[in-house]
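> Below is the file coords-v9.pdb, with PDB, C-alpha atoms and all ligand atoms.
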ATOM      1  CA  MET A   1     105.317 128.548 128.153  1.00  0.00           C
ATOM      2  CA  TRP A   2     105.801 125.698 125.656  1.00  0.00           C
ATOM      3  CA  LEU A   3     108.824 125.100 123.488  1.00  0.00           C
ATOM      4  CA  LEU A   4     107.293 123.564 120.346  1.00  0.00           C
ATOM      5  CA  LEU A   5     109.531 121.679 117.931  1.00  0.00           C
ATOM      6  CA  SER A   6     108.797 120.062 114.580  1.00  0.00           C
ATOM      7  CA  PRO A   7     111.230 118.695 111.991  1.00  0.00           C
ATOM      8  CA  THR A   8     109.915 120.894 109.202  1.00  0.00           C
ATOM      9  CA  ARG A   9     107.652 123.902 108.804  1.00  0.00           C
ATOM     10  CA  LEU A  10     105.442 121.550 106.724  1.00  0.00           C
ATOM     11  CA  GLU A  11     104.084 120.160 109.990  1.00  0.00           C
ATOM     12  CA  ALA A  12     103.405 123.626 111.453  1.00  0.00           C
ATOM     13  CA  PRO A  13     101.714 125.826 108.815  1.00  0.00           C
ATOM     14  CA  PHE A  14      99.005 126.728 111.332  1.00  0.00           C
ATOM     15  CA  LEU A  15     101.335 128.264 113.945  1.00  0.00           C
ATOM     16  CA  LYS A  16     101.172 132.055 114.053  1.00  0.00           C
ATOM     17  CA  GLY A  17     103.859 134.208 115.632  1.00  0.00           C
ATOM     18  CA  LYS A  18     106.751 136.603 115.161  1.00  0.00           C
ATOM     19  CA  PRO A  19     109.509 134.994 113.090  1.00  0.00           C
ATOM     20  CA  PHE A  20     112.948 134.893 114.667  1.00  0.00           C
ATOM     21  CA  ALA A  21     116.311 133.222 114.044  1.00  0.00           C
ATOM     22  CA  PHE A  22     118.281 131.342 116.672  1.00  0.00           C
ATOM     23  CA  LEU A  23     121.747 130.184 115.556  1.00  0.00           C
ATOM     24  CA  ALA A  24     121.132 127.657 112.730  1.00  0.00           C
ATOM     25  CA  TRP A  25     117.371 127.519 113.301  1.00  0.00           C
ATOM     26  CA  LYS A  26     114.279 129.507 112.348  1.00  0.00           C
ATOM     27  CA  GLY A  27     111.336 129.872 114.677  1.00  0.00           C
ATOM     28  CA  LEU A  28     108.266 131.742 115.766  1.00  0.00           C
ATOM     29  CA  LYS A  29     107.425 133.512 119.026  1.00  0.00           C
ATOM     30  CA  GLY A  30     103.702 133.161 119.604  1.00  0.00           C
ATOM     31  CA  GLU A  31     101.172 133.378 122.425  1.00  0.00           C
ATOM     32  CA  GLY A  32     102.214 130.882 125.049  1.00  0.00           C
ATOM     33  CA  PHE A  33     104.883 129.243 122.910  1.00  0.00           C
ATOM     34  CA  VAL A  34     108.204 129.479 121.149  1.00  0.00           C
ATOM     35  CA  TYR A  35     108.514 127.315 118.032  1.00  0.00           C
ATOM     36  CA  LEU A  36     111.658 126.007 116.378  1.00  0.00           C
ATOM     37  CA  GLU A  37     111.958 124.132 113.090  1.00  0.00           C
ATOM     38  CA  THR A  38     114.599 121.556 113.988  1.00  0.00           C
ATOM     39  CA  GLY A  39     115.347 119.869 110.669  1.00  0.00           C
ATOM     40  CA  ILE A  40     114.840 116.190 109.940  1.00  0.00           C
ATOM     41  CA  GLY A  41     116.617 113.431 111.846  1.00  0.00           C
ATOM     42  CA  LYS A  42     118.017 112.639 115.266  1.00  0.00           C
ATOM     43  CA  VAL A  43     120.990 114.994 115.397  1.00  0.00           C
ATOM     44  CA  ASN A  44     118.971 117.995 114.277  1.00  0.00           C
ATOM     45  CA  ALA A  45     116.259 117.383 116.853  1.00  0.00           C
ATOM     46  CA  ALA A  46     118.690 116.950 119.744  1.00  0.00           C
ATOM     47  CA  MET A  47     120.912 119.871 118.683  1.00  0.00           C
ATOM     48  CA  ALA A  48     118.011 122.303 118.332  1.00  0.00           C
ATOM     49  CA  LEU A  49     116.628 121.466 121.784  1.00  0.00           C
ATOM     50  CA  ALA A  50     120.024 121.496 123.496  1.00  0.00           C
ATOM     51  CA  ALA A  51     121.171 124.720 121.830  1.00  0.00           C
ATOM     52  CA  TYR A  52     117.953 126.555 122.705  1.00  0.00           C
ATOM     53  CA  ALA A  53     117.826 125.180 126.281  1.00  0.00           C
ATOM     54  CA  ALA A  54     121.448 126.226 126.837  1.00  0.00           C
ATOM     55  CA  LYS A  55     120.466 129.869 126.370  1.00  0.00           C
ATOM     56  CA  ASN A  56     116.799 129.930 127.414  1.00  0.00           C
ATOM     57  CA  PRO A  57     114.740 128.451 130.264  1.00  0.00           C
ATOM     58  CA  VAL A  58     112.605 125.567 128.942  1.00  0.00           C
ATOM     59  CA  GLU A  59     109.750 124.544 131.229  1.00  0.00           C
ATOM     60  CA  LYS A  60     108.237 121.946 128.909  1.00  0.00           C
ATOM     61  CA  ALA A  61     108.862 120.920 125.313  1.00  0.00           C
ATOM     62  CA  LEU A  62     106.609 119.304 122.737  1.00  0.00           C
ATOM     63  CA  LEU A  63     108.023 117.591 119.673  1.00  0.00           C
ATOM     64  CA  PHE A  64     105.271 117.163 117.085  1.00  0.00           C
ATOM     65  CA  GLY A  65     105.369 115.693 113.604  1.00  0.00           C
ATOM     66  CA  LEU A  66     104.382 112.970 111.203  1.00  0.00           C
ATOM     67  CA  ALA A  67     104.998 109.254 111.569  1.00  0.00           C
ATOM     68  CA  GLY A  68     104.601 105.970 109.774  1.00  0.00           C
ATOM     69  CA  ALA A  69     102.362 103.369 111.373  1.00  0.00           C
ATOM     70  CA  TYR A  70     103.362  99.732 111.776  1.00  0.00           C
ATOM     71  CA  PRO A  71     100.776  96.995 111.146  1.00  0.00           C
ATOM     72  CA  GLY A  72      98.174  97.059 113.913  1.00  0.00           C
ATOM     73  CA  GLY A  73      99.341 100.528 114.945  1.00  0.00           C
ATOM     74  CA  PRO A  74      97.439 103.820 114.933  1.00  0.00           C
ATOM     75  CA  ALA A  75      95.145 104.551 111.979  1.00  0.00           C
ATOM     76  CA  LEU A  76      96.106 106.799 109.073  1.00  0.00           C
ATOM     77  CA  GLY A  77      95.432 110.402 110.113  1.00  0.00           C
ATOM     78  CA  GLU A  78      95.268 109.488 113.817  1.00  0.00           C
ATOM     79  CA  ALA A  79      97.255 111.523 116.343  1.00  0.00           C
ATOM     80  CA  VAL A  80      98.842 109.824 119.348  1.00  0.00           C
ATOM     81  CA  LEU A  81     101.224 110.720 122.118  1.00  0.00           C
ATOM     82  CA  VAL A  82     104.446 108.743 122.399  1.00  0.00           C
ATOM     83  CA  GLY A  83     105.175 107.462 125.900  1.00  0.00           C
ATOM     84  CA  GLU A  84     108.478 105.770 125.079  1.00  0.00           C
ATOM     85  CA  GLU A  85     110.863 105.976 122.149  1.00  0.00           C
ATOM     86  CA  VAL A  86     113.216 103.245 120.911  1.00  0.00           C
ATOM     87  CA  GLU A  87     116.433 104.346 119.220  1.00  0.00           C
ATOM     88  CA  ALA A  88     116.697 101.364 116.877  1.00  0.00           C
ATOM     89  CA  ASP A  89     119.844 102.361 114.981  1.00  0.00           C
ATOM     90  CA  LEU A  90     122.106 102.524 118.029  1.00  0.00           C
ATOM     91  CA  GLY A  91     124.452  99.582 118.640  1.00  0.00           C
ATOM     92  CA  LEU A  92     123.841  96.167 117.125  1.00  0.00           C
ATOM     93  CA  LYS A  93     120.604  95.135 115.406  1.00  0.00           C
ATOM     94  CA  GLU A  94     119.506  93.929 118.839  1.00  0.00           C
ATOM     95  CA  GLY A  95     120.573  97.183 120.473  1.00  0.00           C
ATOM     96  CA  LEU A  96     123.301  98.703 122.594  1.00  0.00           C
ATOM     97  CA  ALA A  97     123.264  96.462 125.679  1.00  0.00           C
ATOM     98  CA  PRO A  98     125.580  93.776 124.163  1.00  0.00           C
ATOM     99  CA  LEU A  99     128.212  96.500 123.768  1.00  0.00           C
ATOM    100  CA  GLY A 100     127.971  97.215 127.508  1.00  0.00           C
ATOM    101  CA  PHE A 101     127.864 100.986 127.246  1.00  0.00           C
ATOM    102  CA  PRO A 102     124.654 102.896 127.998  1.00  0.00           C
ATOM    103  CA  ALA A 103     123.670 105.788 125.729  1.00  0.00           C
ATOM    104  CA  LEU A 104     122.856 107.811 128.841  1.00  0.00           C
ATOM    105  CA  ALA A 105     123.469 107.351 132.569  1.00  0.00           C
ATOM    106  CA  LEU A 106     121.520 109.451 135.085  1.00  0.00           C
ATOM    107  CA  GLY A 107     122.287 108.583 138.706  1.00  0.00           C
ATOM    108  CA  GLU A 108     121.690 104.828 139.041  1.00  0.00           C
ATOM    109  CA  ARG A 109     119.601 104.696 135.862  1.00  0.00           C
ATOM    110  CA  ARG A 110     121.266 103.476 132.657  1.00  0.00           C
ATOM    111  CA  TYR A 111     119.498 103.976 129.310  1.00  0.00           C
ATOM    112  CA  PHE A 112     120.464 101.899 126.259  1.00  0.00           C
ATOM    113  CA  ASN A 113     117.877 102.058 123.456  1.00  0.00           C
ATOM    114  CA  ARG A 114     114.638 102.999 125.221  1.00  0.00           C
ATOM    115  CA  PHE A 115     113.888 106.519 126.418  1.00  0.00           C
ATOM    116  CA  PRO A 116     110.682 107.593 128.189  1.00  0.00           C
ATOM    117  CA  LEU A 117     108.945 110.881 127.549  1.00  0.00           C
ATOM    118  CA  ASP A 118     107.760 112.732 130.663  1.00  0.00           C
ATOM    119  CA  PRO A 119     105.196 110.343 132.152  1.00  0.00           C
ATOM    120  CA  GLY A 120     103.192 112.865 134.151  1.00  0.00           C
ATOM    121  CA  LEU A 121     102.878 115.366 131.318  1.00  0.00           C
ATOM    122  CA  THR A 122     102.142 112.613 128.784  1.00  0.00           C
ATOM    123  CA  GLN A 123      99.404 110.985 130.851  1.00  0.00           C
ATOM    124  CA  GLY A 124      97.877 114.361 131.698  1.00  0.00           C
ATOM    125  CA  LEU A 125      97.724 115.388 128.036  1.00  0.00           C
ATOM    126  CA  ALA A 126      96.442 111.951 126.982  1.00  0.00           C
ATOM    127  CA  GLN A 127      93.545 112.305 129.410  1.00  0.00           C
ATOM    128  CA  ALA A 128      92.852 115.965 128.625  1.00  0.00           C
ATOM    129  CA  LEU A 129      93.029 115.526 124.861  1.00  0.00           C
ATOM    130  CA  GLY A 130      91.634 111.973 124.617  1.00  0.00           C
ATOM    131  CA  LEU A 131      94.717 110.571 122.944  1.00  0.00           C
ATOM    132  CA  LYS A 132      96.241 107.085 123.038  1.00  0.00           C
ATOM    133  CA  VAL A 133      99.851 106.652 124.153  1.00  0.00           C
ATOM    134  CA  ALA A 134     102.110 104.613 121.856  1.00  0.00           C
ATOM    135  CA  VAL A 135     105.648 103.237 121.692  1.00  0.00           C
ATOM    136  CA  GLY A 136     107.612 104.983 118.939  1.00  0.00           C
ATOM    137  CA  LEU A 137     110.681 103.781 117.069  1.00  0.00           C
ATOM    138  CA  THR A 138     113.331 106.181 115.782  1.00  0.00           C
ATOM    139  CA  ARG A 139     115.999 105.740 113.141  1.00  0.00           C
ATOM    140  CA  ASP A 140     117.720 108.172 110.831  1.00  0.00           C
ATOM    141  CA  LEU A 141     116.418 105.849 108.128  1.00  0.00           C
ATOM    142  CA  VAL A 142     112.851 105.222 107.027  1.00  0.00           C
ATOM    143  CA  SER A 143     111.528 101.720 106.412  1.00  0.00           C
ATOM    144  CA  GLU A 144     111.440 101.129 102.665  1.00  0.00           C
ATOM    145  CA  THR A 145     109.456  97.892 102.552  1.00  0.00           C
ATOM    146  CA  PRO A 146     106.523  96.518 104.594  1.00  0.00           C
ATOM    147  CA  GLU A 147     108.741  93.563 105.540  1.00  0.00           C
ATOM    148  CA  GLU A 148     111.394  95.854 106.992  1.00  0.00           C
ATOM    149  CA  ALA A 149     108.746  97.756 108.927  1.00  0.00           C
ATOM    150  CA  LEU A 150     107.166  94.598 110.333  1.00  0.00           C
ATOM    151  CA  ASP A 151     110.544  93.249 111.451  1.00  0.00           C
ATOM    152  CA  LEU A 152     111.306  96.467 113.345  1.00  0.00           C
ATOM    153  CA  ALA A 153     107.832  96.571 114.905  1.00  0.00           C
ATOM    154  CA  ARG A 154     108.160  92.999 116.189  1.00  0.00           C
ATOM    155  CA  ARG A 155     111.801  93.322 117.274  1.00  0.00           C
ATOM    156  CA  TRP A 156     111.168  96.433 119.378  1.00  0.00           C
ATOM    157  CA  GLY A 157     107.450  96.302 120.220  1.00  0.00           C
ATOM    158  CA  ALA A 158     106.756  99.671 118.586  1.00  0.00           C
ATOM    159  CA  SER A 159     103.591 100.807 116.774  1.00  0.00           C
ATOM    160  CA  LEU A 160     104.984 103.737 114.765  1.00  0.00           C
ATOM    161  CA  GLU A 161     108.269 105.072 113.389  1.00  0.00           C
ATOM    162  CA  ASN A 162     109.830 108.469 112.938  1.00  0.00           C
ATOM    163  CA  MET A 163     113.268 110.057 112.590  1.00  0.00           C
ATOM    164  CA  GLU A 164     113.576 112.319 115.664  1.00  0.00           C
ATOM    165  CA  GLY A 165     111.668 111.057 118.697  1.00  0.00           C
ATOM    166  CA  ALA A 166     114.303 109.048 120.587  1.00  0.00           C
ATOM    167  CA  ALA A 167     116.889 111.802 120.173  1.00  0.00           C
ATOM    168  CA  PHE A 168     114.428 114.350 121.562  1.00  0.00           C
ATOM    169  CA  ALA A 169     113.493 112.052 124.456  1.00  0.00           C
ATOM    170  CA  ARG A 170     117.127 111.344 125.319  1.00  0.00           C
ATOM    171  CA  ALA A 171     118.034 115.037 125.149  1.00  0.00           C
ATOM    172  CA  CYS A 172     115.070 115.930 127.411  1.00  0.00           C
ATOM    173  CA  LEU A 173     116.245 113.379 129.992  1.00  0.00           C
ATOM    174  CA  ALA A 174     119.825 114.633 129.854  1.00  0.00           C
ATOM    175  CA  LEU A 175     118.790 118.302 130.078  1.00  0.00           C
ATOM    176  CA  GLY A 176     116.085 117.827 132.713  1.00  0.00           C
ATOM    177  CA  VAL A 177     113.393 119.117 130.366  1.00  0.00           C
ATOM    178  CA  ARG A 178     109.813 117.799 130.653  1.00  0.00           C
ATOM    179  CA  GLY A 179     109.297 116.463 127.132  1.00  0.00           C
ATOM    180  CA  VAL A 180     106.224 115.139 125.343  1.00  0.00           C
ATOM    181  CA  GLU A 181     105.860 113.892 121.776  1.00  0.00           C
ATOM    182  CA  LEU A 182     102.840 114.114 119.482  1.00  0.00           C
ATOM    183  CA  ARG A 183     102.783 112.181 116.220  1.00  0.00           C
ATOM    184  CA  ALA A 184     100.107 112.059 113.500  1.00  0.00           C
ATOM    185  CA  ILE A 185     100.124 109.080 111.154  1.00  0.00           C
ATOM    186  CA  SER A 186     100.826 110.165 107.552  1.00  0.00           C
ATOM    187  CA  ASN A 187     101.532 106.762 106.040  1.00  0.00           C
ATOM    188  CA  PRO A 188     101.841 103.044 106.522  1.00  0.00           C
ATOM    189  CA  ALA A 189     105.523 102.501 107.458  1.00  0.00           C
ATOM    190  CA  GLY A 190     107.464 100.834 104.663  1.00  0.00           C
ATOM    191  CA  VAL A 191     105.076 102.042 101.943  1.00  0.00           C
ATOM    192  CA  ARG A 192     106.733 104.550  99.631  1.00  0.00           C
ATOM    193  CA  ASP A 193     103.742 104.963  97.302  1.00  0.00           C
ATOM    194  CA  LYS A 194     102.518 108.450  98.171  1.00  0.00           C
ATOM    195  CA  GLY A 195      99.057 107.407  96.992  1.00  0.00           C
ATOM    196  CA  ALA A 196      98.792 105.451 100.236  1.00  0.00           C
ATOM    197  CA  TRP A 197      99.663 108.503 102.311  1.00  0.00           C
ATOM    198  CA  ARG A 198      97.117 110.663 104.168  1.00  0.00           C
ATOM    199  CA  LEU A 199      99.220 113.790 104.631  1.00  0.00           C
ATOM    200  CA  ARG A 200      96.300 116.270 104.734  1.00  0.00           C
ATOM    201  CA  GLU A 201      94.481 114.308 107.432  1.00  0.00           C
ATOM    202  CA  ALA A 202      97.651 113.947 109.488  1.00  0.00           C
ATOM    203  CA  LEU A 203      98.474 117.674 109.262  1.00  0.00           C
ATOM    204  CA  GLY A 204      94.876 118.458 110.215  1.00  0.00           C
ATOM    205  CA  ALA A 205      95.216 116.293 113.311  1.00  0.00           C
ATOM    206  CA  LEU A 206      98.438 118.078 114.303  1.00  0.00           C
ATOM    207  CA  GLU A 207      96.717 121.470 113.924  1.00  0.00           C
ATOM    208  CA  ASP A 208      93.722 120.342 115.977  1.00  0.00           C
ATOM    209  CA  ILE A 209      95.697 118.836 118.844  1.00  0.00           C
ATOM    210  CA  THR A 210      98.352 121.556 119.147  1.00  0.00           C
ATOM    211  CA  GLY A 211      95.592 124.191 119.015  1.00  0.00           C
ATOM    212  CA  ARG A 212      93.750 122.494 121.890  1.00  0.00           C
ATOM    213  CA  LEU A 213      96.985 122.024 123.828  1.00  0.00           C
ATOM    214  CA  LEU A 214      97.866 125.724 123.563  1.00  0.00           C
ATOM    215  CA  ALA A 215      94.324 126.762 124.484  1.00  0.00           C
ATOM    216  CA  ALA A 216      94.347 124.605 127.640  1.00  0.00           C
ATOM    217  CA  PRO A 217      94.772 126.528 130.934  1.00  0.00           C
TER     218      PRO A 217
HETATM  219  O1  LIG B   1     110.157 109.028 100.390  1.00  0.00           O
HETATM  220  C1  LIG B   1     109.767 108.098 101.121  1.00  0.00           C
HETATM  221  O2  LIG B   1     109.532 106.943 100.726  1.00  0.00           O
HETATM  222  C2  LIG B   1     109.546 108.387 102.570  1.00  0.00           C
HETATM  223  C3  LIG B   1     109.059 107.382 103.389  1.00  0.00           C
HETATM  224  C4  LIG B   1     108.849 107.660 104.727  1.00  0.00           C
HETATM  225  C5  LIG B   1     109.124 108.934 105.263  1.00  0.00           C
HETATM  226  C6  LIG B   1     109.609 109.891 104.409  1.00  0.00           C
HETATM  227  C7  LIG B   1     109.918 111.216 104.930  1.00  0.00           C
HETATM  228  O3  LIG B   1     110.319 112.099 104.196  1.00  0.00           O
HETATM  229  C8  LIG B   1     109.711 111.430 106.427  1.00  0.00           C
HETATM  230  C9  LIG B   1     110.124 112.752 106.824  1.00  0.00           C
HETATM  231  C10 LIG B   1     109.555 113.195 108.155  1.00  0.00           C
HETATM  232  O4  LIG B   1     108.317 112.586 108.496  1.00  0.00           O
HETATM  233  C11 LIG B   1     108.465 111.637 109.580  1.00  0.00           C
HETATM  234  N1  LIG B   1     107.970 110.363 109.042  1.00  0.00           N
HETATM  235  C12 LIG B   1     106.763 110.247 108.432  1.00  0.00           C
HETATM  236  N2  LIG B   1     106.560 108.998 108.014  1.00  0.00           N
HETATM  237  C13 LIG B   1     107.664 108.297 108.392  1.00  0.00           C
HETATM  238  C14 LIG B   1     108.023 106.916 108.211  1.00  0.00           C
HETATM  239  O5  LIG B   1     107.284 106.088 107.620  1.00  0.00           O
HETATM  240  N3  LIG B   1     109.226 106.542 108.723  1.00  0.00           N
HETATM  241  C15 LIG B   1     110.036 107.422 109.367  1.00  0.00           C
HETATM  242  N4  LIG B   1     109.739 108.735 109.542  1.00  0.00           N
HETATM  243  C16 LIG B   1     108.551 109.141 109.047  1.00  0.00           C
HETATM  244  C17 LIG B   1     109.916 111.689 110.012  1.00  0.00           C
HETATM  245  O6  LIG B   1     110.019 111.827 111.425  1.00  0.00           O
HETATM  246  C18 LIG B   1     110.487 112.904 109.322  1.00  0.00           C
HETATM  247  O7  LIG B   1     110.459 114.036 110.151  1.00  0.00           O
HETATM  248  C19 LIG B   1     109.830 109.636 103.055  1.00  0.00           C
END
Go through the file and emit its structure as structure tokens.
Ligand SMILES: O=C(O)c1cccc(C(=O)CC[C@H]2O[C@@H](n3cnc4c(=O)[nH]cnc43)[C@H](O)[C@@H]2O)c1

Amino acid sequence: MWLLLSPTRLEAPFLKGKPFAFLAWKGLKGEGFVYLETGIGKVNAAMALAAYAAKNPVEKALLFGLAGAYPGGPALGEAVLVGEEVEADLGLKEGLAPLGFPALALGERRYFNRFPLDPGLTQGLAQALGLKVAVGLTRDLVSETPEEALDLARRWGASLENMEGAAFARACLALGVRGVELRAISNPAGVRDKGAWRLREALGALEDITGRLLAAP
């Protein structure tokens, strides 16, 4: 059973199931999955997962949504899995380490700004679905100029940006949930002109990949 999460229903028009409400969130109960619309941004993504997992067993969770591509990153309309997320608005511009406090400590492991998604599940899906695995960057802000986007890409070694991924990845680690993240490229990061966006292609890629994922044995 999958817990499927997307920031908005816009990314999930193809999901069919019985509507239900769970605290502040709306969702669907379908065949082989439960879906929740988390809301945009880091806090919403982490809260929705944590609230649901506190009351329900979660075997594996998939966060899926749109993303902006950095120069040299995935193509417009392309879907990729995210193997690691960078939380780039946590700490100083260069991150949290100079402050000396990790964002998360699990046993001997201390996490500052970089959070892995479940490696086994990610690699297995990448192979089964023929998807590349990328490094994602998360902020509660979107890049508003190509220059801003390029600076972030170079500073953190990321190929795409979104507003939820690192919060989801960190929450999965803290909760012991096997988490994977699927992103389809809707736009060049830092480009606000919607004429440069490929929303229909990106949504089509999300429908194709999630459909194949749910159909897999
Ligand atoms: O109005 C704008 O100029 C604008 C620019 C980038 C993104 C948005 C959104 O409304 C994003 C909302 C939603 O989609 C994800 N997303 C998609 N593209 C990006 C991006 O370039 N940078 C960050 N997030 C992006 C995001 O995860 C949100 O869920 C508006």
> Using only C-alpha atoms for the distances, tell me which of A:Gly27, A:Gly176, A:Gly17, A:Pro146 is nearest to Gly39 (chain A).
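Looking at the shortest contact to Gly39 (chain A), the residue is A:Gly27.
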> Which chains and residue numbers are within 8 Å of ligand LIG 1 (chain B), counting only C-alpha atoms and all ligand atoms, if I want them as a VMD selection string?
chain A and resid 6 to 8 39 to 41 65 to 69 138 to 144 160 to 165 185 to 194
> Would you output that residue set with C-alpha atoms, as a PDB file, in the frame of the given file?

ATOM      1  CA  SER A   6     108.797 120.062 114.580  1.00  0.00           C
ATOM      2  CA  PRO A   7     111.230 118.695 111.991  1.00  0.00           C
ATOM      3  CA  THR A   8     109.915 120.894 109.202  1.00  0.00           C
ATOM      4  CA  GLY A  39     115.347 119.869 110.669  1.00  0.00           C
ATOM      5  CA  ILE A  40     114.840 116.190 109.940  1.00  0.00           C
ATOM      6  CA  GLY A  41     116.617 113.431 111.846  1.00  0.00           C
ATOM      7  CA  GLY A  65     105.369 115.693 113.604  1.00  0.00           C
ATOM      8  CA  LEU A  66     104.382 112.970 111.203  1.00  0.00           C
ATOM      9  CA  ALA A  67     104.998 109.254 111.569  1.00  0.00           C
ATOM     10  CA  GLY A  68     104.601 105.970 109.774  1.00  0.00           C
ATOM     11  CA  ALA A  69     102.362 103.369 111.373  1.00  0.00           C
ATOM     12  CA  THR A 138     113.331 106.181 115.782  1.00  0.00           C
ATOM     13  CA  ARG A 139     115.999 105.740 113.141  1.00  0.00           C
ATOM     14  CA  ASP A 140     117.720 108.172 110.831  1.00  0.00           C
ATOM     15  CA  LEU A 141     116.418 105.849 108.128  1.00  0.00           C
ATOM     16  CA  VAL A 142     112.851 105.222 107.027  1.00  0.00           C
ATOM     17  CA  SER A 143     111.528 101.720 106.412  1.00  0.00           C
ATOM     18  CA  GLU A 144     111.440 101.129 102.665  1.00  0.00           C
ATOM     19  CA  LEU A 160     104.984 103.737 114.765  1.00  0.00           C
ATOM     20  CA  GLU A 161     108.269 105.072 113.389  1.00  0.00           C
ATOM     21  CA  ASN A 162     109.830 108.469 112.938  1.00  0.00           C
ATOM     22  CA  MET A 163     113.268 110.057 112.590  1.00  0.00           C
ATOM     23  CA  GLU A 164     113.576 112.319 115.664  1.00  0.00           C
ATOM     24  CA  GLY A 165     111.668 111.057 118.697  1.00  0.00           C
ATOM     25  CA  ILE A 185     100.124 109.080 111.154  1.00  0.00           C
ATOM     26  CA  SER A 186     100.826 110.165 107.552  1.00  0.00           C
ATOM     27  CA  ASN A 187     101.532 106.762 106.040  1.00  0.00           C
ATOM     28  CA  PRO A 188     101.841 103.044 106.522  1.00  0.00           C
ATOM     29  CA  ALA A 189     105.523 102.501 107.458  1.00  0.00           C
ATOM     30  CA  GLY A 190     107.464 100.834 104.663  1.00  0.00           C
ATOM     31  CA  VAL A 191     105.076 102.042 101.943  1.00  0.00           C
ATOM     32  CA  ARG A 192     106.733 104.550  99.631  1.00  0.00           C
ATOM     33  CA  ASP A 193     103.742 104.963  97.302  1.00  0.00           C
ATOM     34  CA  LYS A 194     102.518 108.450  98.171  1.00  0.00           C
TER      35      LYS A 194
END
> Using CA of Leu129 (chain A) and CA of Leu36 (chain A) as the two end points, give the distance in Å to one decimal.
23.0 Å
> Starting from the point (98.6, 115.1, 106.2), work out which residues of protein, DNA or RNA have an atom no more than 9 Å away when counting only C-alpha atoms; state them as a ChimeraX atom specification.
/A:11,66,77,184-187,197-206
> Suppose a student applies the PyMOL selection byres (((chain A and resi 18) around 9) and not hetatm) to this structure; what residues should they get, written as a list in words?
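With the PyMOL selection byres (((chain A and resi 18) around 9) and not hetatm) on this model, the match is Lys16, Gly17, Pro19, Phe20, Gly27, Leu28, Lys29 and Gly30 of chain A.
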> I'd like to know which of A:Ala149, A:Ala21, A:Val133, A:Val34 is closest to Ala79 (chain A), using all atoms listed in the file.
A:Val133
> Take CA of Leu150 (chain A) and CA of Leu5 (chain A) and report the distance between them in Å, one decimal.
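Computed distance, CA of Leu150 (chain A) to CA of Leu5 (chain A), equals 28.2 Å.
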> Could you tell me how far CA of Phe22 (chain A) lies from CA of Ala51 (chain A), in Å and to one decimal?
8.9 Å
> I would like the residues chosen by the PyMOL selection byres (((chain A and resi 80-82) around 9) and not hetatm) on the shown file; could you give them as number ranges by chain?
A: 74, 78-79, 83-85, 116-117, 122-123, 125-126, 131-136, 165, 180-185
> Can you pull out the residues contacting Arg155 (chain A)? Cut-off 12 Å, using all atoms listed in the file, and skip same-chain residues under 4 positions away; I want them as a list in words.
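Final neighbour list, sorted by chain and number: Tyr70, Val86, Ala88, Lys93, Glu94, Gly95, Leu137, Glu148, Ala149, Leu150, Asp151 and Ser159 of chain A.
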> Around all of region 176-181 of chain A's listed atoms, make the axis-aligned box with 4 Å on each side and tell me centre and edge lengths in Å to one decimal, as lines of an AutoDock Vina configuration file.

center_x = 111.0
center_y = 116.5
center_z = 127.2
size_x = 18.2
size_y = 13.2
size_z = 18.9
> Hey, which of A:Val58, A:Glu87, A:Leu49, A:Ile209 ends up closest to Phe168 (chain A)? Count all atoms listed in the file.
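Nearest to Phe168 (chain A): A:Leu49.
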> With all atoms listed in the file as the atoms that count, which of A:Leu63, A:Leu3, A:Leu173, A:Ala167 lies nearest to Phe33 (chain A)?
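Answer, going by the shortest atom-to-atom distance: A:Leu3.
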> Determine the nearest neighbour of Glu31 (chain A) from the options A:Leu4, A:Ala169, A:Ala196, A:Ala105, counting all atoms listed in the file.
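The closest residue to Glu31 (chain A) is A:Leu4.
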> May I have the residues within 9 Å of Gly211 (chain A) as a list in words, using all atoms listed in the file and disregarding those fewer than 5 positions away in the same chain?
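After dropping sequence-adjacent residues, the list is Phe14, Leu15, Leu206 and Ala216 of chain A.
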